[in-house]
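Raw entry14.csv, CSV, C-alpha atoms:
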```
chain,number,residue,atom,x,y,z
O,1,ASP,CA,0.0,0.0,0.0
O,2,ASN,CA,1.1,3.6,-0.5
O,3,VAL,CA,0.9,6.4,2.1
O,4,GLN,CA,-2.7,7.0,1.3
O,5,GLY,CA,-3.6,3.4,2.2
O,6,GLU,CA,-4.3,2.6,-1.4
O,7,VAL,CA,-3.1,-0.6,-3.1
O,8,GLN,CA,-0.2,0.2,-5.4
O,9,GLN,CA,0.0,-1.2,-9.0
O,10,LYS,CA,3.4,-2.0,-10.4
O,11,LEU,CA,3.0,0.9,-12.8
O,12,ASP,CA,2.5,3.3,-9.8
O,13,VAL,CA,5.9,2.4,-8.6
O,14,VAL,CA,7.6,2.6,-12.0
O,15,CYS,CA,6.0,5.9,-12.9
O,16,ASN,CA,6.8,7.4,-9.5
O,17,ALA,CA,10.5,6.6,-10.0
O,18,ILE,CA,10.4,8.0,-13.6
O,19,MET,CA,8.7,11.3,-12.4
O,20,LEU,CA,11.2,11.8,-9.6
O,21,LYS,CA,14.1,11.4,-11.9
O,22,GLN,CA,12.6,13.5,-14.7
O,23,PHE,CA,11.7,16.5,-12.5
O,24,CYS,CA,14.9,16.4,-10.4
O,25,GLY,CA,17.2,15.6,-13.3
O,26,CYS,CA,15.8,18.1,-15.9
O,27,SER,CA,18.6,20.5,-15.2
O,28,LYS,CA,20.8,21.5,-12.3
O,29,GLY,CA,19.5,24.5,-10.3
O,30,VAL,CA,15.9,24.2,-11.4
O,31,ILE,CA,13.9,21.8,-9.2
O,32,ALA,CA,15.1,21.7,-5.6
O,33,ALA,CA,12.6,19.1,-4.2
O,34,VAL,CA,9.7,17.0,-5.2
O,35,ALA,CA,6.6,15.7,-3.4
O,36,SER,CA,4.7,12.7,-4.8
O,37,GLU,CA,1.2,11.4,-4.0
O,38,GLU,CA,2.8,8.0,-3.6
O,39,GLU,CA,5.3,8.9,-0.9
O,40,ASP,CA,4.9,10.0,2.7
O,41,ALA,CA,7.2,13.0,2.6
O,42,PRO,CA,8.9,15.4,0.1
O,43,ARG,CA,12.4,14.5,-1.2
O,44,SER,CA,15.3,16.7,-2.0
O,45,CYS,CA,16.6,16.4,-5.5
O,46,ASP,CA,20.2,15.8,-4.4
O,47,VAL,CA,18.8,12.7,-2.6
O,48,VAL,CA,16.8,11.6,-5.6
O,49,MET,CA,19.7,12.0,-8.0
O,50,GLY,CA,22.5,11.0,-5.6
O,51,ASP,CA,24.4,14.1,-6.4
O,52,SER,CA,24.8,17.3,-4.3
O,53,ALA,CA,24.8,19.4,-7.4
O,54,PHE,CA,21.0,19.0,-7.5
O,55,ALA,CA,20.5,20.3,-3.9
O,56,HIS,CA,19.3,23.8,-4.9
O,57,GLY,CA,16.8,25.2,-7.3
O,58,GLU,CA,14.2,27.9,-7.8
O,59,TYR,CA,11.2,25.6,-7.8
O,60,VAL,CA,9.5,22.5,-6.2
O,61,ALA,CA,7.3,20.1,-8.1
O,62,VAL,CA,4.2,18.1,-6.9
O,63,PHE,CA,2.7,15.2,-8.8
O,64,ASP,CA,0.4,12.2,-8.9
O,65,PRO,CA,2.4,9.8,-11.2
O,66,ILE,CA,-0.5,7.6,-12.2
O,67,ASP,CA,-4.0,8.8,-11.6
O,68,GLY,CA,-6.7,6.1,-12.0
O,69,SER,CA,-4.3,3.1,-11.7
O,70,LYS,CA,-7.3,0.8,-11.0
O,71,ASN,CA,-8.1,1.3,-14.7
O,72,ILE,CA,-4.8,-0.2,-15.9
O,73,ASP,CA,-6.0,-3.9,-15.9
O,74,SER,CA,-9.1,-2.9,-17.9
O,75,SER,CA,-7.1,-0.9,-20.5
O,76,LEU,CA,-9.1,2.2,-19.6
O,77,PRO,CA,-7.6,5.7,-19.6
O,78,VAL,CA,-5.1,6.8,-16.9
O,79,GLY,CA,-3.1,10.0,-16.5
O,80,THR,CA,-0.4,12.0,-14.7
O,81,VAL,CA,-1.0,15.4,-12.8
O,82,PHE,CA,1.6,17.9,-11.7
O,83,GLY,CA,2.1,21.4,-10.4
O,84,ILE,CA,5.1,23.7,-10.0
O,85,TYR,CA,5.7,26.2,-7.2
O,86,LYS,CA,8.5,28.7,-6.6
O,87,CYS,CA,10.8,28.4,-3.6
O,88,VAL,CA,11.1,31.3,-1.2
O,89,PRO,CA,14.3,33.1,-2.3
O,90,GLY,CA,17.3,32.5,-0.1
O,91,THR,CA,15.8,29.4,1.6
O,92,ASP,CA,16.3,25.7,1.3
O,93,ALA,CA,13.2,23.7,0.2
O,94,ASP,CA,11.5,21.8,3.0
O,95,GLU,CA,8.0,20.5,3.7
O,96,LYS,CA,6.8,24.1,4.4
O,97,THR,CA,7.8,25.1,0.9
O,98,PHE,CA,5.1,22.8,-0.4
O,99,LEU,CA,2.4,24.2,1.8
O,100,GLN,CA,1.5,27.1,-0.5
O,101,LYS,CA,-1.9,28.0,-1.8
O,102,GLY,CA,-2.7,26.9,-5.3
O,103,ASN,CA,-2.9,30.5,-6.5
O,104,GLU,CA,0.9,30.6,-6.0
O,105,MET,CA,1.5,27.9,-8.6
O,106,VAL,CA,3.6,29.0,-11.6
O,107,ALA,CA,2.6,26.0,-13.8
O,108,ALA,CA,0.4,23.0,-13.8
O,109,GLY,CA,-0.5,20.3,-16.3
O,110,TYR,CA,-1.6,16.7,-16.9
O,111,CYS,CA,-0.9,14.0,-19.3
O,112,LEU,CA,-3.8,11.8,-20.5
O,113,TYR,CA,-2.9,8.3,-21.7
O,114,SER,CA,-5.8,7.2,-23.9
O,115,ALA,CA,-6.6,6.8,-27.6
O,116,THR,CA,-3.9,9.4,-28.0
O,117,THR,CA,-1.4,10.7,-25.4
O,118,ILE,CA,-2.1,14.4,-24.8
O,119,LEU,CA,-0.2,16.9,-22.5
O,120,VAL,CA,-2.3,19.8,-21.3
O,121,LEU,CA,-0.3,22.6,-19.8
O,122,THR,CA,-0.7,26.1,-18.3
O,123,MET,CA,2.1,28.5,-17.2
O,124,GLY,CA,-0.4,31.1,-16.0
O,125,SER,CA,-1.4,32.6,-19.3
O,126,GLY,CA,-3.9,30.3,-20.9
O,127,VAL,CA,-4.0,26.5,-21.6
O,128,ASP,CA,-2.6,24.6,-24.5
O,129,GLY,CA,-2.7,20.9,-25.5
O,130,PHE,CA,0.1,18.9,-27.1
O,131,THR,CA,-0.4,15.5,-28.7
O,132,LEU,CA,2.3,12.9,-28.9
O,133,ASP,CA,3.5,11.6,-32.2
O,134,PRO,CA,4.6,8.1,-31.1
O,135,ASP,CA,6.6,7.5,-34.3
O,136,LYS,CA,8.8,10.6,-33.8
O,137,GLY,CA,8.6,10.8,-30.0
O,138,ASN,CA,7.6,14.4,-30.2
O,139,PHE,CA,4.7,16.4,-28.8
O,140,TYR,CA,3.0,18.8,-31.2
O,141,LEU,CA,0.7,21.7,-30.4
O,142,THR,CA,-2.8,20.5,-31.4
O,143,HIS,CA,-5.1,22.4,-29.0
O,144,GLU,CA,-4.1,26.0,-28.9
O,145,ASP,CA,-5.6,28.3,-26.2
O,146,ILE,CA,-8.2,25.8,-24.9
O,147,ARG,CA,-11.4,27.5,-23.7
O,148,ILE,CA,-14.0,25.6,-21.8
O,149,PRO,CA,-17.6,26.4,-22.7
O,150,ALA,CA,-19.4,28.7,-20.1
O,151,ALA,CA,-21.9,25.8,-19.5
O,152,GLY,CA,-22.0,22.3,-20.7
O,153,PRO,CA,-24.0,19.0,-20.8
O,154,ILE,CA,-21.6,16.6,-19.0
O,155,TYR,CA,-21.6,15.8,-15.4
O,156,SER,CA,-19.0,13.4,-14.0
O,157,PHE,CA,-19.6,12.1,-10.5
O,158,ASN,CA,-19.4,8.7,-9.0
O,159,GLU,CA,-23.1,8.3,-8.4
O,160,ALA,CA,-22.6,5.0,-6.5
O,161,ASN,CA,-21.9,7.4,-3.6
O,162,PHE,CA,-25.1,9.5,-4.2
O,163,HIS,CA,-26.7,8.7,-0.9
O,164,ASP,CA,-23.6,9.6,1.0
O,165,PHE,CA,-23.3,13.0,-0.7
O,166,SER,CA,-24.4,16.1,1.1
O,167,SER,CA,-27.9,17.5,0.5
O,168,PRO,CA,-26.6,20.4,-1.7
O,169,VAL,CA,-24.8,17.9,-4.0
O,170,ARG,CA,-27.7,15.5,-4.2
O,171,ARG,CA,-30.1,18.4,-5.0
O,172,TYR,CA,-27.8,19.7,-7.6
O,173,LEU,CA,-27.4,16.4,-9.4
O,174,ASP,CA,-31.2,15.9,-9.3
O,175,ALA,CA,-31.6,19.3,-11.0
O,176,LEU,CA,-29.1,18.4,-13.7
O,177,LYS,CA,-30.9,15.1,-14.5
O,178,GLU,CA,-34.3,16.8,-14.5
O,179,GLY,CA,-33.1,19.6,-16.7
O,180,SER,CA,-34.2,22.2,-14.1
O,181,SER,CA,-30.8,23.7,-13.4
O,182,SER,CA,-30.1,27.3,-14.3
O,183,THR,CA,-28.1,26.2,-17.4
O,184,ARG,CA,-31.3,24.8,-18.9
O,185,VAL,CA,-29.3,22.0,-20.3
O,186,ARG,CA,-30.3,18.4,-19.7
O,187,SER,CA,-27.1,16.7,-18.7
O,188,ASN,CA,-25.4,13.5,-19.6
O,189,ALA,CA,-23.5,11.3,-17.2
O,190,ARG,CA,-19.9,10.4,-18.1
O,191,TYR,CA,-17.6,8.8,-15.6
O,192,VAL,CA,-14.4,6.9,-16.3
O,193,GLY,CA,-13.1,6.8,-12.8
O,194,ALA,CA,-9.8,8.5,-13.6
O,195,LEU,CA,-9.6,12.2,-12.7
O,196,VAL,CA,-7.5,13.2,-15.7
O,197,ALA,CA,-9.8,11.5,-18.2
O,198,ASP,CA,-13.0,12.8,-16.6
O,199,VAL,CA,-11.7,16.4,-16.2
O,200,HIS,CA,-10.3,16.4,-19.8
O,201,ASN,CA,-13.7,15.4,-21.1
O,202,VAL,CA,-15.3,18.3,-19.2
O,203,LEU,CA,-12.6,20.7,-20.3
O,204,ILE,CA,-13.2,20.0,-24.0
O,205,ASN,CA,-17.0,19.7,-23.9
O,206,GLY,CA,-18.2,21.7,-20.9
O,207,GLY,CA,-20.0,20.7,-17.8
O,208,ILE,CA,-18.8,19.7,-14.3
O,209,TYR,CA,-16.6,17.2,-12.6
O,210,GLY,CA,-17.1,16.4,-8.9
O,211,TYR,CA,-15.5,14.4,-6.2
O,212,PRO,CA,-17.6,15.6,-3.2
O,213,GLY,CA,-17.1,14.7,0.4
O,214,THR,CA,-19.2,11.8,1.7
O,215,ARG,CA,-20.4,10.6,5.1
O,216,PRO,CA,-17.4,8.3,5.5
O,217,ASN,CA,-14.9,10.8,3.9
O,218,PRO,CA,-16.2,14.3,4.5
O,219,ASP,CA,-13.1,15.8,2.8
O,220,GLY,CA,-13.4,13.6,-0.3
O,221,LYS,CA,-10.5,11.6,-1.6
O,222,LEU,CA,-8.7,14.0,-3.9
O,223,ARG,CA,-5.4,15.5,-2.6
O,224,LEU,CA,-5.2,19.3,-2.7
O,225,LEU,CA,-1.5,19.5,-3.7
O,226,TYR,CA,-1.3,16.8,-6.3
O,227,GLU,CA,-4.7,16.8,-7.9
O,228,SER,CA,-7.1,19.5,-7.0
O,229,ASN,CA,-4.8,22.5,-7.2
O,230,PRO,CA,-3.2,21.7,-10.6
O,231,MET,CA,-6.6,20.9,-12.1
O,232,ALA,CA,-8.2,24.0,-10.7
O,233,MET,CA,-5.4,26.2,-12.1
O,234,ILE,CA,-5.9,24.6,-15.6
O,235,MET,CA,-9.7,25.1,-15.4
O,236,GLU,CA,-9.4,28.8,-14.3
O,237,GLN,CA,-6.8,29.5,-17.0
O,238,ALA,CA,-9.2,27.9,-19.6
O,239,GLY,CA,-12.1,30.2,-18.4
O,240,GLY,CA,-13.7,27.7,-16.0
O,241,ALA,CA,-13.6,27.4,-12.2
O,242,GLY,CA,-12.7,25.1,-9.3
O,243,THR,CA,-14.4,25.1,-6.0
O,244,THR,CA,-14.8,23.1,-2.8
O,245,GLY,CA,-18.4,24.0,-2.7
O,246,PHE,CA,-17.7,26.7,-0.2
O,247,GLY,CA,-14.9,28.6,-1.9
O,248,ARG,CA,-12.2,28.7,-4.6
O,249,ILE,CA,-9.9,25.7,-4.5
O,250,LEU,CA,-6.8,27.8,-5.2
O,251,ASP,CA,-7.5,29.9,-2.1
O,252,VAL,CA,-7.2,26.9,0.3
O,253,LYS,CA,-4.1,27.0,2.5
O,254,PRO,CA,-2.8,23.4,2.8
O,255,THR,CA,-2.0,22.3,6.4
O,256,GLU,CA,-0.1,19.1,5.3
O,257,ILE,CA,1.1,17.7,2.0
O,258,HIS,CA,-1.5,15.0,1.7
O,259,MET,CA,-4.5,17.2,2.7
O,260,ARG,CA,-7.7,16.3,0.9
O,261,VAL,CA,-10.6,18.6,-0.2
O,262,PRO,CA,-14.0,18.2,-1.8
O,263,THR,CA,-13.4,19.1,-5.5
O,264,PHE,CA,-15.6,20.4,-8.2
O,265,LEU,CA,-14.2,21.6,-11.6
O,266,GLY,CA,-15.7,22.7,-14.8
O,267,SER,CA,-17.7,25.3,-16.7
O,268,ILE,CA,-18.1,28.6,-14.8
O,269,ASP,CA,-21.9,28.6,-14.9
O,270,ASN,CA,-22.1,25.0,-13.7
O,271,VAL,CA,-19.7,25.5,-10.9
O,272,TYR,CA,-21.3,28.8,-9.8
O,273,GLU,CA,-24.7,27.0,-9.6
O,274,LEU,CA,-23.2,24.3,-7.5
O,275,ASP,CA,-21.8,26.9,-5.1
O,276,GLN,CA,-25.3,28.4,-4.9
O,277,PHE,CA,-26.8,25.0,-4.0
O,278,HIS,CA,-24.2,24.8,-1.1
O,279,GLN,CA,-25.2,28.3,0.0
O,280,TYR,CA,-28.9,27.6,0.0
O,281,TYR,CA,-29.2,23.9,1.2
O,282,SER,CA,-26.2,23.2,3.5
O,283,ASP,CA,-28.4,23.6,6.6
O,284,GLU,CA,-30.4,20.6,5.5
O,285,ASP,CA,-27.5,18.3,6.5
O,286,ASN,CA,-27.6,19.6,10.0
O,287,GLU,CA,-31.3,18.8,10.2
O,288,GLU,CA,-30.9,15.1,9.2
```
As structure tokens - that is how I would like this structure written.
Amino acid sequence: DNVQGEVQQKLDVVCNAIMLKQFCGCSKGVIAAVASEEEDAPRSCDVVMGDSAFAHGEYVAVFDPIDGSKNIDSSLPVGTVFGIYKCVPGTDADEKTFLQKGNEMVAAGYCLYSATTILVLTMGSGVDGFTLDPDKGNFYLTHEDIRIPAAGPIYSFNEANFHDFSSPVRRYLDALKEGSSSTRVRSNARYVGALVADVHNVLINGGIYGYPGTRPNPDGKLRLLYESNPMAMIMEQAGGAGTTGFGRILDVKPTEIHMRVPTFLGSIDNVYELDQFHQYYSDEDNEE
């Protein structure tokens, strides 16, 4: 099991090792330390590379090496998520360096391994997509300046947990299915079970992705540093939004590196309406 108590696939371990080496070894003096969703604590790049020349850098990197690894045996899509933060000038990177709000990220991205391999990247001035040419081993710009529709027809939630969701989330999903939401669009359910695949579908077509809190897990299961923050930055840079239901994801101050938060990502109208449902119906949970 990894630090999250989740069963690791062999590919989890292999990809984690690759990501550690690629971030730390990209160039001396760039990445000082890395934090992986698969490991219990951040690691300094001089330790990762076994070379003191990699001890210092301007940035730290956070990542989930393989998102949706339960899909591997079924040949369903999986992905990688990452984010980059600046170090405080004149200080060595330690665990506190990673405890920055998402709005302080300088870059974020994900790679989707599906029918094609696509890298979606933002460096704070829009979002672009690059598709891998497997014959040449190069990524080519194929999706320039991605913009998510203001509202969309897709909702992507694990509805097996419906009765464990909060009242605002249940009411919101019912409104989507009835076509009575403010977007006036009757929605279609699409859920692959891999964050990268589901969010990419929403990013391209519009709608909303959600991993809410549940009664057993009130903070949800997505990690703020490795998953929610990078995806929220991408969504905002593409004209969408990311929320916990009670506020902007990128404004949440992490208290520890594996902190989890309820996560909703997507078209700005869909996300705004979800926030309104939380505002109006949260008291119902206290009455139950």
Among listed residues O:Tyr155, O:Phe162, O:Phe82, O:Tyr209, nearest Leu20 (chain O) (using only C-alpha atoms): O:Phe82
Show me a table, sorted first by chain and then by increasing residue number, of the residues of region 177-198 of chain O having an atom at most 10 Å from region 108-129 of chain O, each with its shortest atom pair and the distance in Å to one decimal, counting all atoms listed in the file and written as a tab-separated table.
```
residue	atom	partner	partner_atom	distance
O:Ala194	CA	O:Leu112	CA	9.7
O:Leu195	CA	O:Leu112	CA	9.7
O:Val196	CA	O:Leu112	CA	6.2
O:Ala197	CA	O:Leu112	CA	6.4
```
Provide an axis-aligned box for all listed atoms of region 29-32 of chain O, padding each side by 6 Å; report its centre and its edge lengths in Å to one decimal, as AutoDock Vina command-line options.
```
--center_x 16.7 --center_y 23.1 --center_z -8.5 --size_x 17.6 --size_y 14.8 --size_z 17.8
```
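Note that the spacing between CA of Arg215 (chain O) and CA of Asn270 (chain O) amounts to 23.7 Å.
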CA of Cys15 (chain O) to CA of Ala53 (chain O) measures 23.8 Å
Quick one: residues within 10 Å of (-17.1, 13.4, 0.1) (file frame), counting only C-alpha atoms, please, as a PyMOL selection string. chain O and resi 161-162+164-166+169+210-222+260-263
